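Enquirer: Structure file input01.cif (mmCIF, C-alpha atoms and all ligand atoms) right here:
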```
data_model
loop_
_atom_site.label_atom_id
_atom_site.label_comp_id
_atom_site.auth_asym_id
_atom_site.auth_seq_id
_atom_site.Cartn_x
_atom_site.Cartn_y
_atom_site.Cartn_z
CA MET G 8 -16.37 87.73 -4.21
CA GLU G 9 -15.68 88.50 -7.83
CA GLU G 10 -16.02 85.66 -10.35
CA LEU G 11 -12.77 84.53 -11.94
CA ILE G 12 -14.31 83.74 -15.30
CA ARG G 13 -17.16 85.77 -16.74
CA HIS G 14 -17.98 84.02 -20.01
CA PRO G 15 -20.60 81.24 -20.31
CA MET G 16 -18.02 78.41 -20.10
CA ARG G 17 -17.51 79.31 -16.45
CA MET G 18 -17.62 76.49 -13.89
CA ARG G 19 -19.60 77.32 -10.76
CA ALA G 20 -17.54 77.38 -7.57
CA ASN G 21 -19.11 77.39 -4.13
CA ARG G 22 -18.15 79.89 -1.40
CA ASP G 23 -15.40 77.75 0.09
CA GLU G 24 -13.90 77.05 -3.29
CA ARG G 25 -13.89 80.74 -4.18
CA ALA G 26 -12.31 81.57 -0.83
CA ARG G 27 -9.57 79.06 -1.54
CA GLN G 28 -8.96 80.49 -5.00
CA ASN G 29 -8.79 84.00 -3.55
CA PHE G 30 -6.22 82.81 -1.06
CA VAL G 31 -4.04 81.22 -3.76
CA THR G 32 -4.32 84.32 -5.95
CA GLY G 33 -3.26 86.50 -3.03
CA LEU G 34 -0.43 84.17 -2.12
CA ARG G 35 0.96 84.24 -5.67
CA ALA G 36 0.71 88.02 -5.85
CA PHE G 37 2.56 88.25 -2.52
CA VAL G 38 5.33 85.87 -3.62
CA LEU G 39 5.82 87.46 -7.05
CA ASN G 40 5.67 91.07 -5.87
CA ASP G 41 6.66 91.43 -2.21
CA MET G 42 8.89 88.41 -1.76
CA ALA G 43 10.54 88.96 -5.14
CA THR G 44 11.43 92.51 -4.08
CA GLY G 45 12.86 91.21 -0.79
CA MET G 46 14.90 88.57 -2.61
CA ARG G 47 16.46 91.15 -4.91
CA ARG G 48 17.45 93.18 -1.85
CA VAL G 49 19.16 90.15 -0.36
CA TYR G 50 21.03 89.63 -3.62
CA GLU G 51 22.11 93.23 -4.04
CA GLY G 52 22.88 93.78 -0.37
CA ARG G 53 24.77 90.60 0.43
CA VAL G 54 25.04 87.88 -2.22
CA GLU G 55 26.45 89.96 -5.07
CA PRO G 56 29.03 91.80 -2.89
CA GLN G 57 30.18 88.45 -1.42
CA PHE G 58 30.49 86.97 -4.90
CA GLU G 59 32.45 90.00 -6.06
CA SER G 60 34.88 89.85 -3.16
CA SER G 61 35.57 86.14 -3.68
CA HIS G 62 35.68 86.16 -7.53
CA GLY G 63 36.94 89.67 -8.25
CA ARG G 64 33.96 90.26 -10.55
CA LYS G 65 30.18 90.22 -10.60
CA PRO G 66 28.25 87.05 -11.66
CA ALA G 67 28.43 86.74 -15.43
CA ASP G 68 25.02 85.18 -16.04
CA GLY G 69 21.82 83.89 -14.49
CA GLU G 70 23.29 80.46 -13.78
CA GLU G 71 26.07 81.98 -11.67
CA VAL G 72 23.51 84.06 -9.79
CA HIS G 73 21.45 80.88 -9.28
CA GLN G 74 24.40 78.98 -7.79
CA ALA G 75 25.21 81.92 -5.50
CA MET G 76 21.58 82.22 -4.37
CA LYS G 77 20.95 78.50 -3.78
CA PRO G 78 22.23 78.40 -0.17
CA GLU G 79 20.30 81.58 0.77
CA PRO G 80 17.37 80.94 3.15
CA TYR G 81 15.40 83.75 1.45
CA PHE G 82 15.72 82.08 -1.96
CA ARG G 83 14.81 78.68 -0.51
CA PHE G 84 11.77 80.10 1.22
CA TYR G 85 10.72 82.04 -1.90
CA SER G 86 11.11 78.90 -4.03
CA SER G 87 9.15 76.63 -1.75
CA MET G 88 6.36 79.21 -1.38
CA ARG G 89 6.23 79.67 -5.14
CA TYR G 90 6.34 75.94 -5.90
CA ASN G 91 3.57 75.18 -3.43
CA ALA G 92 1.45 78.08 -4.64
CA GLN G 93 1.78 76.68 -8.18
CA GLU G 94 0.48 73.27 -7.08
CA MET G 95 -2.30 74.99 -5.15
CA VAL G 96 -3.43 76.79 -8.32
CA TRP G 97 -4.48 73.52 -9.92
CA ARG G 98 -5.78 72.04 -6.69
CA SER G 99 -8.08 75.02 -6.28
CA ILE G 100 -9.79 74.06 -9.56
CA LEU G 101 -9.71 70.24 -9.67
CA PRO G 102 -12.61 69.50 -7.24
CA ILE G 103 -14.84 71.90 -9.20
CA LEU G 104 -13.82 70.26 -12.45
CA GLU G 105 -14.64 66.80 -11.03
CA ARG G 106 -18.13 68.02 -10.23
CA GLU G 107 -18.76 70.10 -13.37
CA ARG G 108 -16.93 68.04 -15.99
CA ASP G 109 -20.03 66.72 -17.80
CA ASP G 110 -21.88 70.00 -17.59
CA VAL G 111 -19.04 72.05 -19.05
CA ARG G 112 -18.60 69.44 -21.80
CA ASP G 113 -22.31 69.71 -22.70
CA ARG G 114 -22.20 73.52 -22.74
CA SER G 115 -19.10 73.33 -24.87
CA ARG G 116 -20.85 71.00 -27.35
CA GLU G 117 -23.78 73.38 -27.67
CA LEU G 118 -21.63 76.45 -28.25
CA SER G 119 -19.39 74.56 -30.66
CA ALA G 120 -22.40 73.43 -32.67
CA GLU G 121 -23.55 77.06 -32.87
CA ALA G 122 -20.08 78.10 -34.03
CA GLU G 123 -20.06 75.39 -36.72
CA ARG G 124 -23.48 76.52 -37.94
CA GLU G 125 -22.03 79.99 -38.32
CA GLY G 126 -19.07 78.68 -40.33
CA ALA G 127 -16.30 78.47 -37.68
CA ARG G 128 -14.76 75.01 -38.01
CA LEU G 129 -13.30 72.68 -35.40
CA GLU G 130 -11.02 70.14 -37.07
CA LEU G 131 -9.58 67.42 -34.84
CA ASP G 132 -7.10 64.80 -35.99
CA ASP G 133 -7.28 61.51 -34.02
CA HIS G 134 -4.10 60.31 -35.70
CA LEU G 135 -1.92 63.25 -34.75
CA GLU G 136 0.94 62.11 -32.55
CA THR G 137 1.30 64.29 -29.45
CA PRO G 138 4.89 65.55 -29.34
CA ARG G 139 7.19 64.47 -26.50
CA ASN G 140 7.55 68.00 -25.15
CA VAL G 141 3.86 67.66 -24.20
CA THR G 142 3.68 63.97 -23.19
CA ALA G 143 6.90 63.77 -21.14
CA VAL G 144 6.17 66.23 -18.33
CA ASP G 145 3.20 67.96 -16.74
CA VAL G 146 4.22 71.44 -17.91
CA HIS G 147 4.08 74.05 -15.14
CA LEU G 148 2.91 71.27 -12.82
CA MET G 149 -0.52 71.11 -14.47
CA PRO G 150 -1.90 67.61 -13.78
CA GLY G 151 -2.73 65.82 -17.04
CA ASN G 152 -0.98 68.47 -19.12
CA TYR G 153 -2.56 69.84 -22.31
CA HIS G 154 -3.48 66.55 -23.96
CA GLY G 155 -5.02 64.44 -21.14
CA GLU G 156 -8.50 63.21 -22.16
CA PHE G 157 -11.24 61.81 -19.96
CA GLY G 158 -13.99 60.45 -22.20
CA ASP G 159 -15.68 61.34 -25.43
CA GLY G 160 -15.73 65.03 -26.36
CA ASP G 161 -13.83 65.87 -23.18
CA VAL G 162 -12.91 69.50 -22.48
CA SER G 163 -11.45 69.05 -18.98
CA MET G 164 -7.97 70.32 -19.72
CA GLY G 165 -9.39 73.38 -21.44
CA ALA G 166 -11.55 74.19 -18.43
CA LEU G 167 -8.67 73.51 -16.03
CA TYR G 168 -6.36 75.77 -18.00
CA ASP G 169 -8.86 78.63 -18.30
CA HIS G 170 -9.83 78.65 -14.63
CA GLY G 171 -6.32 77.82 -13.41
CA LEU G 172 -4.80 80.63 -15.43
CA ALA G 173 -7.22 83.07 -13.81
CA VAL G 174 -6.00 82.04 -10.34
CA PHE G 175 -2.36 81.89 -11.47
CA SER G 176 -2.25 85.32 -13.09
CA PHE G 177 -3.96 87.35 -10.30
CA GLY G 178 -5.41 89.78 -12.86
CA MET G 179 -2.12 90.35 -14.71
CA MET G 180 -3.41 88.65 -17.87
CA GLY G 181 -6.56 90.73 -18.05
CA SER G 182 -10.10 90.14 -16.89
CA ASN G 183 -10.78 87.79 -19.82
CA LEU G 184 -7.21 86.36 -19.80
CA ASP G 185 -6.72 87.96 -23.19
CA ASP G 186 -4.45 90.88 -22.35
CA ILE G 187 -1.51 89.52 -24.37
CA GLY G 188 -3.64 89.14 -27.49
CA ARG G 189 -5.36 92.50 -26.94
CA SER G 190 -2.06 94.26 -26.38
CA VAL G 191 -0.20 92.69 -29.30
CA ALA G 192 -3.03 92.89 -31.85
CA GLY G 193 -3.83 96.47 -30.74
CA TYR G 194 -0.18 97.45 -30.97
CA VAL G 195 0.21 96.03 -34.50
CA LYS G 196 -2.98 97.79 -35.58
CA GLY G 197 -1.89 101.11 -34.06
CA ARG G 198 1.66 100.97 -35.34
CA TYR G 199 0.83 99.74 -38.86
CA PRO G 200 -2.58 101.28 -39.65
CA ASP G 201 -2.28 100.48 -43.37
CA PHE G 202 -1.60 96.80 -42.73
CA GLN G 203 -4.93 95.00 -43.11
CA PRO G 204 -4.41 91.25 -42.58
CA GLN G 205 -6.96 89.01 -44.28
CA ARG G 206 -5.80 85.71 -42.73
CA ILE G 207 -4.33 85.36 -39.25
CA LEU G 208 -2.85 82.25 -37.63
CA ASP G 209 -2.20 81.61 -33.92
CA LEU G 210 0.24 78.78 -33.10
CA GLY G 211 -0.02 76.78 -29.85
CA CYS G 212 -3.29 78.53 -28.98
CA THR G 213 -4.33 76.19 -26.10
CA ILE G 214 -7.90 77.54 -25.53
CA GLY G 215 -7.65 80.46 -27.97
CA HIS G 216 -7.90 83.11 -25.22
CA ASN G 217 -5.28 85.24 -26.95
CA THR G 218 -6.63 84.43 -30.43
CA VAL G 219 -10.02 86.01 -29.67
CA PRO G 220 -8.62 89.60 -29.61
CA TRP G 221 -7.18 89.22 -33.13
CA ALA G 222 -10.66 88.34 -34.41
CA LYS G 223 -12.04 91.39 -32.57
CA GLU G 224 -9.28 93.78 -33.69
CA TYR G 225 -9.54 92.65 -37.33
CA PRO G 226 -13.21 91.64 -37.75
CA ASP G 227 -12.87 91.17 -41.52
CA ALA G 228 -10.01 88.70 -41.21
CA GLU G 229 -10.30 84.91 -41.26
CA VAL G 230 -8.68 83.72 -38.05
CA HIS G 231 -7.21 80.24 -37.50
CA ALA G 232 -5.71 78.72 -34.38
CA ILE G 233 -3.80 75.45 -33.98
CA ASP G 234 -2.64 73.27 -31.14
CA VAL G 235 -1.86 69.60 -30.53
CA GLY G 236 -4.24 69.25 -27.55
CA ALA G 237 -7.82 68.26 -28.48
CA PRO G 238 -9.55 69.08 -25.14
CA GLY G 239 -8.28 72.68 -25.26
CA LEU G 240 -9.31 73.06 -28.89
CA ARG G 241 -12.85 71.84 -28.21
CA TYR G 242 -13.12 74.18 -25.26
CA GLY G 243 -11.50 77.05 -27.18
CA HIS G 244 -13.88 76.68 -30.14
CA ALA G 245 -16.84 77.00 -27.77
CA ARG G 246 -15.16 79.74 -25.75
CA ALA G 247 -14.59 81.85 -28.87
CA ARG G 248 -18.30 81.53 -29.68
CA ALA G 249 -19.12 82.50 -26.09
CA ASN G 250 -16.94 85.58 -26.60
CA GLY G 251 -18.80 86.54 -29.76
CA VAL G 252 -16.28 85.60 -32.46
CA GLY G 253 -15.86 82.76 -34.94
CA ILE G 254 -12.38 81.21 -35.14
CA HIS G 255 -11.30 78.06 -37.01
CA PHE G 256 -9.53 75.67 -34.65
CA HIS G 257 -7.32 72.82 -35.93
CA GLN G 258 -5.47 70.02 -34.20
CA MET G 259 -2.08 70.31 -35.84
CA ASN G 260 1.61 70.27 -35.02
CA ALA G 261 3.20 73.70 -35.55
CA THR G 262 6.39 72.06 -36.82
CA THR G 263 4.50 70.63 -39.84
CA LEU G 264 1.62 72.94 -40.65
CA ASP G 265 -1.08 71.69 -42.95
CA PHE G 266 -1.52 75.09 -44.65
CA ASP G 267 -0.45 76.29 -48.10
CA ASP G 268 2.66 78.37 -48.77
CA ASP G 269 2.06 82.15 -48.74
CA SER G 270 -1.42 81.82 -47.22
CA PHE G 271 -1.36 84.05 -44.08
CA ASP G 272 -0.74 87.74 -43.40
CA VAL G 273 -0.01 87.31 -39.70
CA VAL G 274 1.51 84.36 -37.85
CA PHE G 275 1.27 84.98 -34.12
CA SER G 276 2.03 83.00 -31.00
CA SER G 277 1.91 83.73 -27.32
CA MET G 278 3.90 81.98 -24.58
CA PHE G 279 4.40 79.08 -26.99
CA LEU G 280 8.00 78.86 -28.22
CA HIS G 281 9.49 78.49 -24.73
CA GLU G 282 7.69 75.16 -24.38
CA LEU G 283 9.45 73.65 -27.40
CA PRO G 284 12.84 72.00 -27.81
CA LYS G 285 15.25 74.15 -29.81
CA LYS G 286 15.08 71.95 -32.90
CA ASP G 287 11.28 72.40 -32.95
CA ILE G 288 11.54 76.17 -32.47
CA ARG G 289 13.64 76.29 -35.64
CA LYS G 290 11.07 74.16 -37.51
CA VAL G 291 8.19 76.35 -36.30
CA LEU G 292 9.90 79.56 -37.42
CA ALA G 293 10.66 78.00 -40.82
CA GLU G 294 7.01 76.94 -41.12
CA ALA G 295 5.90 80.46 -40.19
CA TYR G 296 8.12 81.80 -42.98
CA ARG G 297 6.67 79.31 -45.45
CA VAL G 298 2.99 80.00 -44.74
CA LEU G 299 3.39 83.80 -44.61
CA ARG G 300 2.65 85.85 -47.69
CA PRO G 301 5.35 88.28 -48.80
CA GLY G 302 4.63 91.42 -46.78
CA GLY G 303 3.20 89.37 -43.92
CA LEU G 304 4.22 89.64 -40.27
CA MET G 305 5.41 86.94 -37.87
CA ILE G 306 5.08 88.09 -34.26
CA HIS G 307 5.65 86.04 -31.10
CA MET G 308 4.92 87.21 -27.58
CA GLU G 309 7.54 85.55 -25.44
CA LEU G 310 9.77 85.69 -22.41
CA PRO G 311 12.50 88.23 -23.06
CA PRO G 312 15.93 86.85 -23.98
CA ASN G 313 18.75 86.51 -21.47
CA ASN G 314 21.14 88.52 -23.66
CA GLN G 315 18.96 91.62 -23.23
CA MET G 316 18.94 91.77 -19.44
CA SER G 317 21.13 91.65 -16.34
CA ALA G 318 22.38 88.38 -14.88
CA TYR G 319 20.04 88.80 -11.91
CA ASP G 320 16.94 89.41 -14.05
CA GLY G 321 17.90 86.41 -16.19
CA PHE G 322 18.18 84.25 -13.06
CA TYR G 323 14.84 85.56 -11.81
CA LEU G 324 12.96 84.67 -14.99
CA ASP G 325 14.63 81.27 -15.40
CA TRP G 326 13.24 80.07 -12.06
CA ASP G 327 10.48 78.24 -13.94
CA CYS G 328 13.01 76.16 -15.85
CA TRP G 329 14.59 74.84 -12.68
CA TYR G 330 11.54 74.48 -10.44
CA ASN G 331 8.33 74.60 -12.46
CA ASN G 332 8.59 71.75 -15.02
CA GLU G 333 9.50 74.08 -17.87
CA PRO G 334 12.59 72.32 -19.26
CA TYR G 335 12.79 74.38 -22.46
CA TYR G 336 12.37 77.76 -20.81
CA LYS G 337 16.03 78.67 -20.31
CA PRO G 338 17.26 77.13 -23.60
CA PHE G 339 14.68 79.31 -25.36
CA ARG G 340 15.71 82.41 -23.37
CA ASP G 341 19.35 81.76 -24.24
CA LEU G 342 18.62 82.03 -27.98
CA ASP G 343 19.46 85.10 -30.03
CA THR G 344 16.00 85.91 -31.39
CA ARG G 345 17.21 87.92 -34.40
CA LYS G 346 19.56 85.11 -35.38
CA VAL G 347 16.95 82.33 -35.19
CA CYS G 348 14.55 84.38 -37.33
CA ALA G 349 17.32 84.86 -39.92
CA GLU G 350 18.09 81.13 -39.87
CA ALA G 351 14.42 80.46 -40.64
CA GLY G 352 14.66 82.56 -43.81
CA PHE G 353 13.69 86.05 -42.60
CA ASP G 354 15.77 89.04 -43.70
CA PRO G 355 17.59 90.29 -40.54
CA GLU G 356 16.88 93.85 -41.71
CA ARG G 357 13.18 93.07 -41.39
CA TYR G 358 13.45 91.77 -37.81
CA VAL G 359 11.22 93.55 -35.28
CA GLN G 360 10.88 93.51 -31.52
CA PHE G 361 8.58 95.50 -29.28
CA VAL G 362 8.06 95.86 -25.57
CA ILE G 363 4.32 96.44 -25.22
CA PRO G 364 2.70 97.67 -22.02
CA SER G 365 -0.19 95.57 -20.77
CA ARG G 366 -3.23 97.22 -22.35
CA GLU G 367 -5.56 96.47 -19.47
CA GLY G 368 -2.93 97.09 -16.78
CA TYR G 369 -1.74 100.51 -17.98
CA GLY G 370 -5.05 101.69 -19.47
CA GLU G 371 -5.92 102.75 -23.00
CA ASP G 372 -4.24 106.20 -22.94
CA THR G 373 -0.82 104.94 -21.86
CA PHE G 374 -1.16 101.98 -24.18
CA GLN G 375 -1.97 104.13 -27.24
CA ALA G 376 0.84 106.55 -26.34
CA SER G 377 3.28 103.62 -26.33
CA VAL G 378 2.47 102.59 -29.90
CA SER G 379 5.38 103.55 -32.18
CA ARG G 380 7.63 104.52 -29.27
CA ASP G 381 10.36 101.87 -29.11
CA GLN G 382 11.18 100.71 -25.61
CA GLU G 383 14.05 98.67 -24.26
CA VAL G 384 13.50 95.49 -22.31
CA GLY G 385 12.99 97.06 -18.88
CA ARG G 386 14.30 95.82 -15.57
CA ASP G 387 11.57 94.18 -13.50
CA THR G 388 8.52 94.71 -15.67
CA THR G 389 9.22 93.03 -19.02
CA GLY G 390 7.82 89.53 -19.24
CA ARG G 391 7.45 89.28 -15.50
CA LEU G 392 4.04 88.48 -14.07
CA ALA G 393 3.88 91.24 -11.48
CA ALA G 394 2.58 94.79 -11.19
CA GLY G 395 3.42 96.86 -14.30
CA VAL G 396 3.91 93.89 -16.63
CA GLN G 397 4.97 94.59 -20.23
CA TRP G 398 4.91 92.00 -23.01
CA PHE G 399 8.04 91.24 -25.02
CA THR G 400 7.42 90.43 -28.68
CA PHE G 401 9.72 89.60 -31.56
CA GLY G 402 9.38 88.52 -35.16
CA ALA G 403 9.94 89.74 -38.69
CA TRP G 404 8.25 90.89 -41.85
CA LYS G 405 8.49 88.52 -44.80
C1 LIG G 501 1.82 77.75 -22.76
S1 LIG G 501 0.70 77.08 -23.85
C2 LIG G 501 0.33 78.44 -24.92
C3 LIG G 501 -0.56 79.41 -24.30
C4 LIG G 501 -1.36 80.31 -25.15
N1 LIG G 501 -0.90 80.48 -26.51
C5 LIG G 501 -1.44 81.66 -24.47
O1 LIG G 501 -1.54 82.64 -25.16
O2 LIG G 501 -1.44 81.71 -23.22
C6 LIG G 501 1.59 76.05 -24.98
C7 LIG G 501 0.69 75.30 -25.95
O3 LIG G 501 1.49 74.77 -27.00
C8 LIG G 501 0.94 73.52 -27.39
N2 LIG G 501 1.98 72.80 -28.11
C9 LIG G 501 3.12 72.26 -27.64
N3 LIG G 501 3.86 71.75 -28.65
C10 LIG G 501 3.18 71.99 -29.79
C11 LIG G 501 3.43 71.76 -31.16
N4 LIG G 501 4.55 71.17 -31.58
N5 LIG G 501 2.51 72.18 -32.06
C12 LIG G 501 1.37 72.79 -31.66
N6 LIG G 501 1.07 73.05 -30.38
C13 LIG G 501 1.97 72.66 -29.46
C14 LIG G 501 0.50 72.90 -26.08
O4 LIG G 501 -0.46 71.88 -26.30
C15 LIG G 501 -0.04 74.13 -25.35
O5 LIG G 501 -1.41 74.27 -25.57
#
```
Translate the structure described by the file into structure tokens.
Expert:
Amino acid sequence: MEELIRHPMRMRANRDERARQNFVTGLRAFVLNDMATGMRRVYEGRVEPQFESSHGRKPADGEEVHQAMKPEPYFRFYSSMRYNAQEMVWRSILPILERERDDVRDRSRELSAEAEREGARLELDDHLETPRNVTAVDVHLMPGNYHGEFGDGDVSMGALYDHGLAVFSFGMMGSNLDDIGRSVAGYVKGRYPDFQPQRILDLGCTIGHNTVPWAKEYPDAEVHAIDVGAPGLRYGHARARANGVGIHFHQMNATTLDFDDDSFDVVFSSMFLHELPKKDIRKVLAEAYRVLRPGGLMIHMELPPNNQMSAYDGFYLDWDCWYNNEPYYKPFRDLDTRKVCAEAGFDPERYVQFVIPSREGYGEDTFQASVSRDQEVGRDTTGRLAAGVQWFTFGAWK
């Protein structure tokens, strides 16, 4: 059986535990590929025509599709399979974490100390208040959420996230869980070869898995990553060292960054904004504008917006908002991304958005061929964790 995690922060699973993880991985792949295809067929073959004959029109948006699908046994079965598979993701890691907690903490300490000696800082702030969007719910059903701490120097939530994400993503996020970072950083580098960022910032980095590729793509740049969760930052600092790069990690709230004006060339985030209330998204974008140097690039990998896809695809992606403890998911997806960037100070003429094929999934040739060829948000594959995934990104030049 292949190991889920290959870097030295890996927790050792026994045969039974690996078998269980394999099962959950397979179950998720089945639900998100095969069952999702079946559910669309049910919608197109029966639910949409019935809606049309009773309303004289097709469903206008994802919410109308949702209401029409709710009584369908296929949707109910899909949802309960998906919900249970999500809980099983974390349960397939927790017993290992209970056993390995102290060991992974000690390995983390050693690697972190090495990173510090080489100049990569880890700055934690005991007084930082954890925002309510993190404390109020266990996001995507992850027990303890990002900030839960169990003792001095604890890294549990970092280890749970790293290993859980590997089970959750069934290979779709790359063998080192860094495909988003690799794809976005590689795309920016390929598309703008003369742009040579000296300072790069990743917001809401969790364990820095998608920060690492920026440090690899731009080895001369100084790379910083922030998050509010200390256990993930400790783990991420060590994990970056284990992956051969030095990154400065800071415990900081992205709505009030402790960095100077005009001090970064790139402000990046990945899967971050959809976990924030709308008022905080606006603050984060305004902060990104403030800390960017003129000529710098803000780029967020995110779920694609509802106004760029069909009602059914919108409904499909918003499932997490209704059933996976992601309360801000749909409000984020309902935003007009160009408009919110403009409201934060960016010139609408300098807005950018790219649909980037997964670098590991499609292979280097297809990936390189995609650079500089603008693509529309595609049905099925954009932002959807299933075969052929493509990453939606948006942002603006300052
Ligand atoms: C889905 S995770 C991001 C995942 C990661 N960037 C990736 O590439 O997969 C969201 C992260 O945002 C952090 N977070 C939530 N609110 C925040 C805030 N106001 N400032 C900084 N980090 C925040 C959480 O602690 C969590 O680690």
Enquirer: Closest to ligand LIG 501 (chain G) among G:Gly69, G:Gly368, G:Gly402, G:Pro220, using all atoms listed in the file?
Expert: G:Pro220
Enquirer: Could you please give me, as a list in words, the residues of protein, DNA or RNA lying at most 12 Å from (-14.9, 90.2, -40.7) in the coordinate frame of the file, considering only C-alpha atoms?
Expert: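 Counting only C-alpha atoms, I find these residues within 12 Å of (-14.9, 90.2, -40.7): Gln203, Pro204, Gln205, Arg206, Ile207, Trp221, Ala222, Lys223, Glu224, Tyr225, Pro226, Asp227, Ala228, Glu229, Val230, Val252, Gly253 and Ile254 of chain G.
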Enquirer: Looking at all atoms listed in the file, which of G:Lys346, G:Glu367, G:Asp320, G:Tyr330 is the one that sits closest to G:Thr389?
Expert: G:Asp320
Enquirer: Extract, using only C-alpha atoms, all DNA, RNA and protein residues at most 7 Å from stretch 115-123 of chain G, discarding same-chain residues fewer than 5 positions from it, and format them as a list of chain:residue names.
Expert: G:Arg128, G:Tyr242, G:His244, G:Ala245, G:Arg248, G:Ala249, G:Gly253
Enquirer: Can you list, as a compact mmCIF listing (two decimals) with C-alpha atoms, keeping the file's coordinate frame, every protein, DNA or RNA residue that comes within 12 Å of G:Lys286 when you count all atoms listed in the file, leaving out same-chain residues fewer than 3 positions away?
Expert:
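The new file out-v3.txt reads:
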```
# COMPACT_ATOMS: atom_id res chain seq x y z
CA ASN G 140 7.55 68.00 -25.15
CA THR G 262 6.39 72.06 -36.82
CA LEU G 280 8.00 78.86 -28.22
CA HIS G 281 9.49 78.49 -24.73
CA GLU G 282 7.69 75.16 -24.38
CA LEU G 283 9.45 73.65 -27.40
CA ARG G 289 13.64 76.29 -35.64
CA LYS G 290 11.07 74.16 -37.51
CA VAL G 291 8.19 76.35 -36.30
CA LEU G 292 9.90 79.56 -37.42
CA ALA G 293 10.66 78.00 -40.82
CA TYR G 335 12.79 74.38 -22.46
CA PRO G 338 17.26 77.13 -23.60
CA PHE G 339 14.68 79.31 -25.36
CA LEU G 342 18.62 82.03 -27.98
CA VAL G 347 16.95 82.33 -35.19
CA GLU G 350 18.09 81.13 -39.87
CA ALA G 351 14.42 80.46 -40.64
```
